[in-house]
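final38.pdb (PDB, C-alpha atoms) appears below.
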```
ATOM      1  CA  MET W 294     -24.004  -4.757   3.050
ATOM      2  CA  LYS W 295     -24.707  -7.632   5.399
ATOM      3  CA  THR W 296     -22.678 -10.440   6.940
ATOM      4  CA  GLY W 297     -21.776 -13.068   4.364
ATOM      5  CA  ASP W 298     -22.082 -10.743   1.349
ATOM      6  CA  GLN W 299     -19.345 -11.260  -1.235
ATOM      7  CA  ILE W 300     -17.368  -8.743  -3.230
ATOM      8  CA  GLU W 301     -15.115  -9.523  -6.182
ATOM      9  CA  LEU W 302     -12.798  -7.704  -8.546
ATOM     10  CA  LYS W 303     -10.945  -9.249 -11.489
ATOM     11  CA  VAL W 304      -8.098  -7.522 -13.286
ATOM     12  CA  THR W 305      -5.406  -8.761 -15.634
ATOM     13  CA  PRO W 306      -2.217  -6.711 -15.238
ATOM     14  CA  ASP W 307      -0.784  -6.069 -18.684
ATOM     15  CA  ARG W 308       2.866  -6.607 -19.592
ATOM     16  CA  TYR W 309       3.930  -3.046 -18.742
ATOM     17  CA  VAL W 310       1.795  -2.257 -15.710
ATOM     18  CA  THR W 311       4.831  -2.611 -13.425
ATOM     19  CA  VAL W 312       6.626   0.063 -15.447
ATOM     20  CA  ARG W 313       3.719   2.485 -15.174
ATOM     21  CA  TYR W 314       3.297   1.697 -11.470
ATOM     22  CA  ALA W 315       7.021   2.217 -10.857
ATOM     23  CA  GLY W 316       6.744   5.699 -12.321
ATOM     24  CA  ALA W 317       3.493   6.488 -10.530
ATOM     25  CA  SER W 318       4.638   5.214  -7.127
ATOM     26  CA  GLY W 319       8.371   5.934  -7.219
ATOM     27  CA  ASP W 320       9.278   2.275  -6.528
ATOM     28  CA  PHE W 321      11.852   1.477  -9.205
ATOM     29  CA  ASN W 322      13.166  -1.751  -7.646
ATOM     30  CA  PRO W 323      14.495  -3.575 -10.759
ATOM     31  CA  ILE W 324      12.802  -6.863  -9.802
ATOM     32  CA  HIS W 325       9.613  -5.193 -11.051
ATOM     33  CA  ILE W 326      10.849  -3.663 -14.292
ATOM     34  CA  ASP W 327      13.943  -5.530 -15.520
ATOM     35  CA  GLU W 328      13.395  -9.091 -16.736
ATOM     36  CA  GLU W 329      17.104  -9.973 -16.781
ATOM     37  CA  PHE W 330      17.723  -8.592 -13.310
ATOM     38  CA  ALA W 331      14.719 -10.431 -11.902
ATOM     39  CA  ARG W 332      15.921 -13.770 -13.329
ATOM     40  CA  ALA W 333      19.460 -13.101 -12.115
ATOM     41  CA  VAL W 334      18.189 -12.900  -8.525
ATOM     42  CA  GLY W 335      16.252 -16.139  -8.846
ATOM     43  CA  LEU W 336      12.786 -14.907  -9.699
ATOM     44  CA  PRO W 337      10.727 -16.365 -12.547
ATOM     45  CA  GLY W 338      10.780 -12.927 -14.186
ATOM     46  CA  ARG W 339       9.516  -9.478 -13.314
ATOM     47  CA  ILE W 340       7.026  -9.550 -10.435
ATOM     48  CA  LEU W 341       4.163  -7.243  -9.542
ATOM     49  CA  HIS W 342       4.621  -4.598  -6.869
ATOM     50  CA  GLY W 343       2.892  -5.838  -3.706
ATOM     51  CA  LEU W 344       1.451  -2.367  -3.186
ATOM     52  CA  TRP W 345      -0.066  -2.437  -6.701
ATOM     53  CA  THR W 346      -1.855  -5.618  -5.729
ATOM     54  CA  MET W 347      -2.895  -4.008  -2.430
ATOM     55  CA  ALA W 348      -4.320  -1.150  -4.507
ATOM     56  CA  GLN W 349      -6.509  -3.718  -6.290
ATOM     57  CA  VAL W 350      -7.712  -4.976  -2.906
ATOM     58  CA  ALA W 351      -8.472  -1.359  -1.957
ATOM     59  CA  ARG W 352     -10.273  -0.754  -5.265
ATOM     60  CA  ALA W 353     -12.450  -3.825  -4.706
ATOM     61  CA  GLN W 354     -13.616  -2.213  -1.452
ATOM     62  CA  THR W 355     -14.155   1.329  -2.732
ATOM     63  CA  GLU W 356     -15.997   0.138  -5.840
ATOM     64  CA  ALA W 357     -18.272  -2.067  -3.733
ATOM     65  CA  ALA W 358     -18.841   0.745  -1.219
ATOM     66  CA  GLY W 359     -19.448   3.485  -3.806
ATOM     67  CA  GLY W 360     -16.386   5.711  -3.445
ATOM     68  CA  PRO W 361     -12.984   6.329  -1.873
ATOM     69  CA  GLU W 362     -14.435   8.154   1.153
ATOM     70  CA  HIS W 363     -15.810   4.861   2.531
ATOM     71  CA  LEU W 364     -12.472   3.070   3.012
ATOM     72  CA  LYS W 365     -11.244   3.716   6.571
ATOM     73  CA  ARG W 366      -8.630   1.014   7.094
ATOM     74  CA  LEU W 367      -6.956  -1.755   5.144
ATOM     75  CA  SER W 368      -4.350  -4.226   6.358
ATOM     76  CA  VAL W 369      -2.772  -6.948   4.245
ATOM     77  CA  GLN W 370      -0.091  -9.614   4.358
ATOM     78  CA  PHE W 371       1.960 -10.148   1.233
ATOM     79  CA  ARG W 372       2.598 -13.780   0.329
ATOM     80  CA  GLY W 373       3.951 -15.367  -2.816
ATOM     81  CA  MET W 374       4.665 -13.243  -5.850
ATOM     82  CA  GLY W 375       2.287 -11.809  -8.392
ATOM     83  CA  VAL W 376       3.263 -11.775 -12.042
ATOM     84  CA  PRO W 377       2.126  -9.670 -15.017
ATOM     85  CA  GLU W 378      -0.222 -11.036 -17.694
ATOM     86  CA  GLN W 379      -2.114 -13.357 -15.361
ATOM     87  CA  GLU W 380      -5.543 -12.521 -13.979
ATOM     88  CA  VAL W 381      -5.696 -11.302 -10.372
ATOM     89  CA  VAL W 382      -8.916 -12.136  -8.551
ATOM     90  CA  VAL W 383      -9.769 -10.207  -5.392
ATOM     91  CA  LYS W 384     -12.437 -11.883  -3.262
ATOM     92  CA  GLY W 385     -13.948 -10.521  -0.093
ATOM     93  CA  THR W 386     -16.569 -11.644   2.392
ATOM     94  CA  VAL W 387     -18.347  -9.353   4.823
ATOM     95  CA  ARG W 388     -17.478 -10.663   8.295
ATOM     96  CA  GLU W 389     -19.177  -8.120  10.506
ATOM     97  CA  THR W 390     -21.426  -5.071  10.289
ATOM     98  CA  GLY W 391     -22.717  -2.576  12.825
ATOM     99  CA  ASP W 392     -22.774   1.133  13.706
ATOM    100  CA  GLY W 393     -22.256   2.050  10.050
ATOM    101  CA  ARG W 394     -19.021   0.026   9.944
ATOM    102  CA  VAL W 395     -18.391  -3.016   7.781
ATOM    103  CA  LEU W 396     -15.444  -5.423   8.090
ATOM    104  CA  ILE W 397     -14.518  -7.386   4.969
ATOM    105  CA  ASP W 398     -12.057 -10.297   4.910
ATOM    106  CA  THR W 399     -10.284 -10.329   1.571
ATOM    107  CA  VAL W 400      -7.669 -12.259  -0.400
ATOM    108  CA  ALA W 401      -6.057 -11.726  -3.808
ATOM    109  CA  GLU W 402      -5.232 -14.759  -5.925
ATOM    110  CA  GLN W 403      -3.532 -15.580  -9.181
ATOM    111  CA  GLY W 404      -4.659 -19.013 -10.257
ATOM    112  CA  GLU W 405      -4.283 -21.263  -7.202
ATOM    113  CA  LYS W 406      -1.791 -18.968  -5.530
ATOM    114  CA  GLN W 407      -2.693 -16.387  -2.896
ATOM    115  CA  ILE W 408      -0.588 -13.264  -3.332
ATOM    116  CA  ILE W 409      -2.332 -11.285  -0.603
ATOM    117  CA  ARG W 410      -3.857 -13.015   2.355
ATOM    118  CA  ASN W 411      -5.491 -12.075   5.646
ATOM    119  CA  ALA W 412      -6.539  -8.723   4.250
ATOM    120  CA  GLU W 413      -9.042  -6.909   6.405
ATOM    121  CA  ALA W 414     -10.877  -3.812   5.236
ATOM    122  CA  GLU W 415     -12.986  -1.508   7.351
ATOM    123  CA  LEU W 416     -15.612   0.512   5.517
ATOM    124  CA  SER W 417     -17.804   3.300   6.760
ATOM    125  CA  LEU W 418     -21.210   3.223   5.106
TER     126      LEU W 418
ATOM    127  CA  MET A 177      23.897 -11.377  15.658
ATOM    128  CA  SER A 178      21.811  -9.176  17.824
ATOM    129  CA  LEU A 179      19.324  -6.799  16.320
ATOM    130  CA  PRO A 180      19.443  -3.086  17.200
ATOM    131  CA  THR A 181      16.323  -3.319  19.347
ATOM    132  CA  ASP A 182      17.411  -0.181  21.207
ATOM    133  CA  LYS A 183      16.298   1.709  18.080
ATOM    134  CA  ILE A 184      12.621   0.868  18.701
ATOM    135  CA  GLY A 185      11.014   4.260  19.225
ATOM    136  CA  LYS A 186      13.494   6.120  17.022
ATOM    137  CA  THR A 187      11.749   8.865  15.074
ATOM    138  CA  TYR A 188      12.490  10.473  11.720
ATOM    139  CA  PRO A 189      11.792  14.119  10.884
ATOM    140  CA  ALA A 190       8.933  15.074   8.600
ATOM    141  CA  GLU A 191       9.147  15.076   4.826
ATOM    142  CA  THR A 192       6.554  17.155   2.995
ATOM    143  CA  TYR A 193       4.883  16.128  -0.253
ATOM    144  CA  ALA A 194       2.925  18.533  -2.465
ATOM    145  CA  VAL A 195       0.035  16.639  -4.062
ATOM    146  CA  GLY A 196      -0.317  17.418  -7.766
ATOM    147  CA  ARG A 197      -3.375  16.961  -9.946
ATOM    148  CA  GLU A 198      -1.515  15.157 -12.730
ATOM    149  CA  LYS A 199       0.250  12.881 -10.216
ATOM    150  CA  ILE A 200      -3.153  11.794  -8.928
ATOM    151  CA  ARG A 201      -4.262  11.035 -12.491
ATOM    152  CA  GLU A 202      -1.026   9.148 -13.208
ATOM    153  CA  TYR A 203      -1.303   7.065 -10.028
ATOM    154  CA  ALA A 204      -5.031   6.393 -10.515
ATOM    155  CA  SER A 205      -4.404   5.210 -14.076
ATOM    156  CA  ALA A 206      -1.537   2.928 -13.028
ATOM    157  CA  VAL A 207      -3.741   1.085 -10.522
ATOM    158  CA  GLY A 208      -6.862   1.003 -12.700
ATOM    159  CA  GLU A 209      -8.973   3.480 -10.726
ATOM    160  CA  THR A 210     -11.759   4.735 -12.994
ATOM    161  CA  ASN A 211     -13.794   6.732 -10.450
ATOM    162  CA  PRO A 212     -14.223  10.232 -11.966
ATOM    163  CA  LEU A 213     -13.267  11.805  -8.610
ATOM    164  CA  HIS A 214      -9.651  10.844  -9.448
ATOM    165  CA  HIS A 215      -9.663  12.048 -13.068
ATOM    166  CA  ASP A 216     -12.363  14.615 -13.789
ATOM    167  CA  LEU A 217     -12.056  18.012 -12.095
ATOM    168  CA  ASP A 218     -15.676  18.955 -12.789
ATOM    169  CA  ALA A 219     -16.896  15.701 -11.256
ATOM    170  CA  ALA A 220     -14.722  16.203  -8.164
ATOM    171  CA  ARG A 221     -15.965  19.778  -7.711
ATOM    172  CA  ALA A 222     -19.566  18.745  -8.300
ATOM    173  CA  ALA A 223     -19.112  16.235  -5.464
ATOM    174  CA  GLY A 224     -17.973  19.033  -3.153
ATOM    175  CA  PHE A 225     -14.182  18.599  -3.316
ATOM    176  CA  PRO A 226     -11.896  21.541  -4.126
ATOM    177  CA  ASP A 227      -9.844  19.496  -6.606
ATOM    178  CA  LEU A 228      -9.145  15.939  -7.788
ATOM    179  CA  VAL A 229      -9.332  13.356  -4.988
ATOM    180  CA  ALA A 230      -6.385  10.998  -4.431
ATOM    181  CA  PRO A 231      -7.259   7.287  -4.204
ATOM    182  CA  PRO A 232      -6.707   6.090  -0.609
ATOM    183  CA  MET A 233      -3.703   3.981  -1.646
ATOM    184  CA  PHE A 234      -2.013   7.161  -2.942
ATOM    185  CA  ALA A 235      -0.673   7.112   0.639
ATOM    186  CA  VAL A 236       2.171   5.001  -0.771
ATOM    187  CA  VAL A 237       3.312   8.090  -2.669
ATOM    188  CA  TYR A 238       3.282  10.714   0.096
ATOM    189  CA  ALA A 239       4.005   8.448   3.092
ATOM    190  CA  GLY A 240       6.314   6.219   1.035
ATOM    191  CA  GLN A 241       8.805   9.075   1.076
ATOM    192  CA  MET A 242       9.816   7.820   4.507
ATOM    193  CA  LEU A 243      10.880   4.383   3.223
ATOM    194  CA  GLY A 244      14.308   5.605   2.153
ATOM    195  CA  PRO A 245      15.267   7.396   5.382
ATOM    196  CA  VAL A 246      14.155   4.384   7.455
ATOM    197  CA  LEU A 247      15.306   1.394   5.416
ATOM    198  CA  PHE A 248      18.683   2.938   4.583
ATOM    199  CA  ASP A 249      19.291   4.142   8.147
ATOM    200  CA  PRO A 250      22.713   2.607   8.939
ATOM    201  CA  GLU A 251      21.764   2.316  12.619
ATOM    202  CA  LEU A 252      19.117  -0.292  11.714
ATOM    203  CA  GLN A 253      21.618  -2.618   9.971
ATOM    204  CA  ILE A 254      19.081  -3.716   7.340
ATOM    205  CA  ASN A 255      20.450  -5.959   4.592
ATOM    206  CA  PHE A 256      18.454  -4.427   1.764
ATOM    207  CA  ALA A 257      19.147  -7.328  -0.625
ATOM    208  CA  MET A 258      17.310  -9.711   1.725
ATOM    209  CA  LEU A 259      14.347  -7.442   2.428
ATOM    210  CA  VAL A 260      10.778  -8.352   1.529
ATOM    211  CA  HIS A 261       7.632  -6.373   2.207
ATOM    212  CA  GLY A 262       5.700  -8.573   4.630
ATOM    213  CA  GLY A 263       2.639  -6.546   5.450
ATOM    214  CA  GLN A 264       1.021  -3.168   5.226
ATOM    215  CA  GLU A 265      -1.736  -1.346   6.991
ATOM    216  CA  PHE A 266      -3.237   2.065   6.356
ATOM    217  CA  ARG A 267      -5.849   3.881   8.382
ATOM    218  CA  TRP A 268      -7.387   6.865   6.642
ATOM    219  CA  ASP A 269      -8.949   9.717   8.565
ATOM    220  CA  ARG A 270      -9.763  12.016   5.643
ATOM    221  CA  LEU A 271      -9.285  12.235   1.898
ATOM    222  CA  VAL A 272      -6.353  13.974   0.228
ATOM    223  CA  VAL A 273      -6.974  16.305  -2.703
ATOM    224  CA  ALA A 274      -4.702  17.950  -5.257
ATOM    225  CA  GLY A 275      -3.144  21.068  -3.755
ATOM    226  CA  ASP A 276      -2.714  19.502  -0.309
ATOM    227  CA  GLU A 277       0.707  19.492   1.301
ATOM    228  CA  ILE A 278       1.189  16.328   3.307
ATOM    229  CA  SER A 279       3.884  16.056   5.980
ATOM    230  CA  THR A 280       4.877  12.597   7.139
ATOM    231  CA  THR A 281       6.967  11.511  10.105
ATOM    232  CA  ALA A 282       8.090   7.960  10.915
ATOM    233  CA  GLU A 283       8.779   5.965  14.074
ATOM    234  CA  ILE A 284      10.282   2.504  14.476
ATOM    235  CA  THR A 285       7.688   0.367  16.263
ATOM    236  CA  GLU A 286       9.086  -3.144  16.132
ATOM    237  CA  ILE A 287      12.421  -4.909  15.705
ATOM    238  CA  ARG A 288      12.399  -8.599  16.514
ATOM    239  CA  GLN A 289      13.733 -11.905  15.345
ATOM    240  CA  ARG A 290      11.942 -15.198  14.750
ATOM    241  CA  GLY A 291      14.194 -17.982  13.542
ATOM    242  CA  GLU A 292      16.234 -16.612  10.661
ATOM    243  CA  LEU A 293      13.789 -13.806   9.955
ATOM    244  CA  ALA A 294      14.069 -10.286  11.326
ATOM    245  CA  PHE A 295      10.921  -8.174  11.476
ATOM    246  CA  TYR A 296      11.213  -4.415  11.239
ATOM    247  CA  ALA A 297       8.033  -2.369  11.470
ATOM    248  CA  PHE A 298       7.614   1.355  11.402
ATOM    249  CA  ARG A 299       4.677   3.693  11.568
ATOM    250  CA  THR A 300       4.116   6.763   9.438
ATOM    251  CA  ASP A 301       1.889   9.640  10.487
ATOM    252  CA  SER A 302       0.737  11.934   7.695
ATOM    253  CA  VAL A 303      -0.962  15.273   8.272
ATOM    254  CA  ASN A 304      -2.193  17.869   5.815
ATOM    255  CA  GLN A 305      -1.386  21.592   5.720
ATOM    256  CA  ARG A 306      -4.083  22.232   8.347
ATOM    257  CA  GLY A 307      -2.462  19.765  10.738
ATOM    258  CA  GLU A 308      -5.272  17.228  10.315
ATOM    259  CA  THR A 309      -4.293  13.566  10.253
ATOM    260  CA  VAL A 310      -4.961  12.068   6.834
ATOM    261  CA  CYS A 311      -3.333   8.647   7.102
ATOM    262  CA  VAL A 312      -1.460   6.417   9.546
ATOM    263  CA  GLY A 313       0.567   3.634   7.966
ATOM    264  CA  THR A 314       2.205   0.547   9.448
ATOM    265  CA  TRP A 315       4.930  -0.896   7.231
ATOM    266  CA  THR A 316       6.226  -4.373   8.080
ATOM    267  CA  ASN A 317       9.427  -5.536   6.457
ATOM    268  CA  ILE A 318      11.056  -8.946   6.761
ATOM    269  CA  ILE A 319      14.780  -9.522   6.379
ATOM    270  CA  ARG A 320      15.594 -13.098   5.408
ATOM    271  CA  GLY A 321      18.691 -15.061   6.302
ATOM    272  CA  VAL A 322      19.492 -13.434   9.640
ATOM    273  CA  PRO A 323      21.657 -15.875  11.641
ATOM    274  CA  ALA A 324      19.726 -17.207  14.619
ATOM    275  CA  GLU A 325      20.908 -15.881  17.962
TER     276      GLU A 325
END
```

Give the structure from this file in structure tokens form.
Amino acid sequence: MKTGDQIELKVTPDRYVTVRYAGASGDFNPIHIDEEFARAVGLPGRILHGLWTMAQVARAQTEAAGGPEHLKRLSVQFRGMGVPEQEVVVKGTVRETGDGRVLIDTVAEQGEKQIIRNAEAELSL
Amino acid sequence: MSLPTDKIGKTYPAETYAVGREKIREYASAVGETNPLHHDLDAARAAGFPDLVAPPMFAVVYAGQMLGPVLFDPELQINFAMLVHGGQEFRWDRLVVAGDEISTTAEITEIRQRGELAFYAFRTDSVNQRGETVCVGTWTNIIRGVPAE
């Protein structure tokens, strides 16, 4: 990888991914799994778990790098709210390389909306 | 109101998580990980690992155990209904495999107010059964609607 290289991952979370992720992660906050509850607290409907979306950002890095052993650090800021059944696009740009380390600036978007911003990944290659 | 900034530095005792092979498969499937290291025992062993490899973000499962003790700590006065997850960082030192036992401690690193937002950050330190660090997490939570001082 060299400075300026791009990585990308596209994934469309299906209707029930939040239910499976709740079980897998242990985060059963009803805003992610209960449509009525989510609307009652002013949300458009059930929203994605931020850490599920972060996992997509992580997967974009490990798939580009060739395996989980290469991901050394990942920091993200959560902004906006992701929703099921709309494509998530993860886009990264290599900012810096050297000494076997690669820094990749990354965002995750749904349509025009950024749901993760200022993500920075450090890979060891 | 004034935030309990005297609780910066407070630590929470370790919780231990036993990493199971099927839990790794379940988590990997839920986040769309298709790498055979997370699903196929033969592939993991052929790559030199003793068992299935957890995806790096599986840290939310073993280190996430500390969320409850911290966020529901009455001394922190967190209004859970107004809490949003603002940011997250993980640093990974080595991979976790099925059969590992991961112990995680937590420490409050930041409590501050900006306008009507309160920022609470804590760090988790996770070590495996050999005492080797596997992951350090920084969890930043934002409480909305905190009256300005």

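Nearest to chain A of all the residues W:Lys295, W:His325, W:Arg394, W:His342 is W:His342, counting all atoms listed in the file.
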
* For Glu402 of chain W, please output as a VMD selection string all residues within 8 Å (counting only C-alpha atoms; exclusion window: fewer than 3 positions along the same chain). => chain W and resid 381 to 383 405 to 409

Dump as a PDB file, in the frame of the given file, selection limited to C-alpha atoms:
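Printed below is selection_7.pdb as written:
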```
ATOM      1  CA  VAL W 381      -5.696 -11.302 -10.372  1.00  0.00           C
ATOM      2  CA  VAL W 382      -8.916 -12.136  -8.551  1.00  0.00           C
ATOM      3  CA  VAL W 383      -9.769 -10.207  -5.392  1.00  0.00           C
ATOM      4  CA  GLU W 405      -4.283 -21.263  -7.202  1.00  0.00           C
ATOM      5  CA  LYS W 406      -1.791 -18.968  -5.530  1.00  0.00           C
ATOM      6  CA  GLN W 407      -2.693 -16.387  -2.896  1.00  0.00           C
ATOM      7  CA  ILE W 408      -0.588 -13.264  -3.332  1.00  0.00           C
ATOM      8  CA  ILE W 409      -2.332 -11.285  -0.603  1.00  0.00           C
TER       9      ILE W 409
END
```

* Asked: Given the choices A:Leu271, A:Leu228, A:Ala235, A:Met258, which gets closest to His215 of chain A if the distance is worked out from all atoms listed in the file?
  ->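 For His215 of chain A, the nearest of the given residues is A:Leu228.
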
* To do: Define the interface residues of chain A facing chain W as those within 8 Å, counting all atoms listed in the file, and report them as an MDAnalysis selection string.
  => chainID A and resid 199 202:203 206:209 211 231:233 236:237 261:271

Write the residues of the selection above to a file with C-alpha atoms, as an mmCIF file, in the coordinates of the input.
```cif
data_model
loop_
_atom_site.group_PDB
_atom_site.id
_atom_site.type_symbol
_atom_site.label_atom_id
_atom_site.label_comp_id
_atom_site.auth_asym_id
_atom_site.auth_seq_id
_atom_site.Cartn_x
_atom_site.Cartn_y
_atom_site.Cartn_z
ATOM 1 C CA LYS A 199 0.250 12.881 -10.216
ATOM 2 C CA GLU A 202 -1.026 9.148 -13.208
ATOM 3 C CA TYR A 203 -1.303 7.065 -10.028
ATOM 4 C CA ALA A 206 -1.537 2.928 -13.028
ATOM 5 C CA VAL A 207 -3.741 1.085 -10.522
ATOM 6 C CA GLY A 208 -6.862 1.003 -12.700
ATOM 7 C CA GLU A 209 -8.973 3.480 -10.726
ATOM 8 C CA ASN A 211 -13.794 6.732 -10.450
ATOM 9 C CA PRO A 231 -7.259 7.287 -4.204
ATOM 10 C CA PRO A 232 -6.707 6.090 -0.609
ATOM 11 C CA MET A 233 -3.703 3.981 -1.646
ATOM 12 C CA VAL A 236 2.171 5.001 -0.771
ATOM 13 C CA VAL A 237 3.312 8.090 -2.669
ATOM 14 C CA HIS A 261 7.632 -6.373 2.207
ATOM 15 C CA GLY A 262 5.700 -8.573 4.630
ATOM 16 C CA GLY A 263 2.639 -6.546 5.450
ATOM 17 C CA GLN A 264 1.021 -3.168 5.226
ATOM 18 C CA GLU A 265 -1.736 -1.346 6.991
ATOM 19 C CA PHE A 266 -3.237 2.065 6.356
ATOM 20 C CA ARG A 267 -5.849 3.881 8.382
ATOM 21 C CA TRP A 268 -7.387 6.865 6.642
ATOM 22 C CA ASP A 269 -8.949 9.717 8.565
ATOM 23 C CA ARG A 270 -9.763 12.016 5.643
ATOM 24 C CA LEU A 271 -9.285 12.235 1.898
#
```

* Given the PyMOL selection byres ((chain A and resi 315) around 6), the residues it picks as a PyMOL selection string -> chain A and resi 264+297-298+314+316

* To do: Evaluate the PyMOL selection byres ((chain W and resi 336) around 12) and record the selected residues as an NGL selection string, following the chain and residue labels used in the document.
  => :W and (323-325 or 327-335 or 337-341 or 373-376)

* Contacts of Gln299 of chain W within 7 Å, only C-alpha atoms, excl. fewer than 4 positions in-chain, as a list of chain:residue names ->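 In the requested format, the answer is W:Gly385, W:Thr386, W:Val387.
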
* Asked: If you apply the PyMOL selection byres ((chain A and resi 309) around 12) to this file, what residues do you get, as a PyMOL selection string?
  -> chain A and resi 267-272+277-281+300-308+310-313

* For Tyr296 of chain A, which residue out of A:Asp276, A:Ile319, A:Ala282, A:Asp216 is the nearest one, using all atoms listed in the file? ->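 Distance minimum relative to Tyr296 of chain A lands on A:Ile319.
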
* **Exercise: Ala294 of chain A partners within 9 Å, only C-alpha atoms, chain neighbours under 6 positions left out, as a list in words** => Leu179, Ile287, Arg288, Asn317, Ile318, Ile319, Arg320, Gly321 and Val322 of chain A

* Of the candidates A:Arg221, A:Arg299, A:Arg201, A:His214, which shows the shortest atom-to-atom distance to Thr285 of chain A, using all atoms listed in the file? -> A:Arg299

* Hey, can you check how far atom CA of Lys186 of chain A sits from atom CA of Phe234 of chain A? -> 25.3 Å
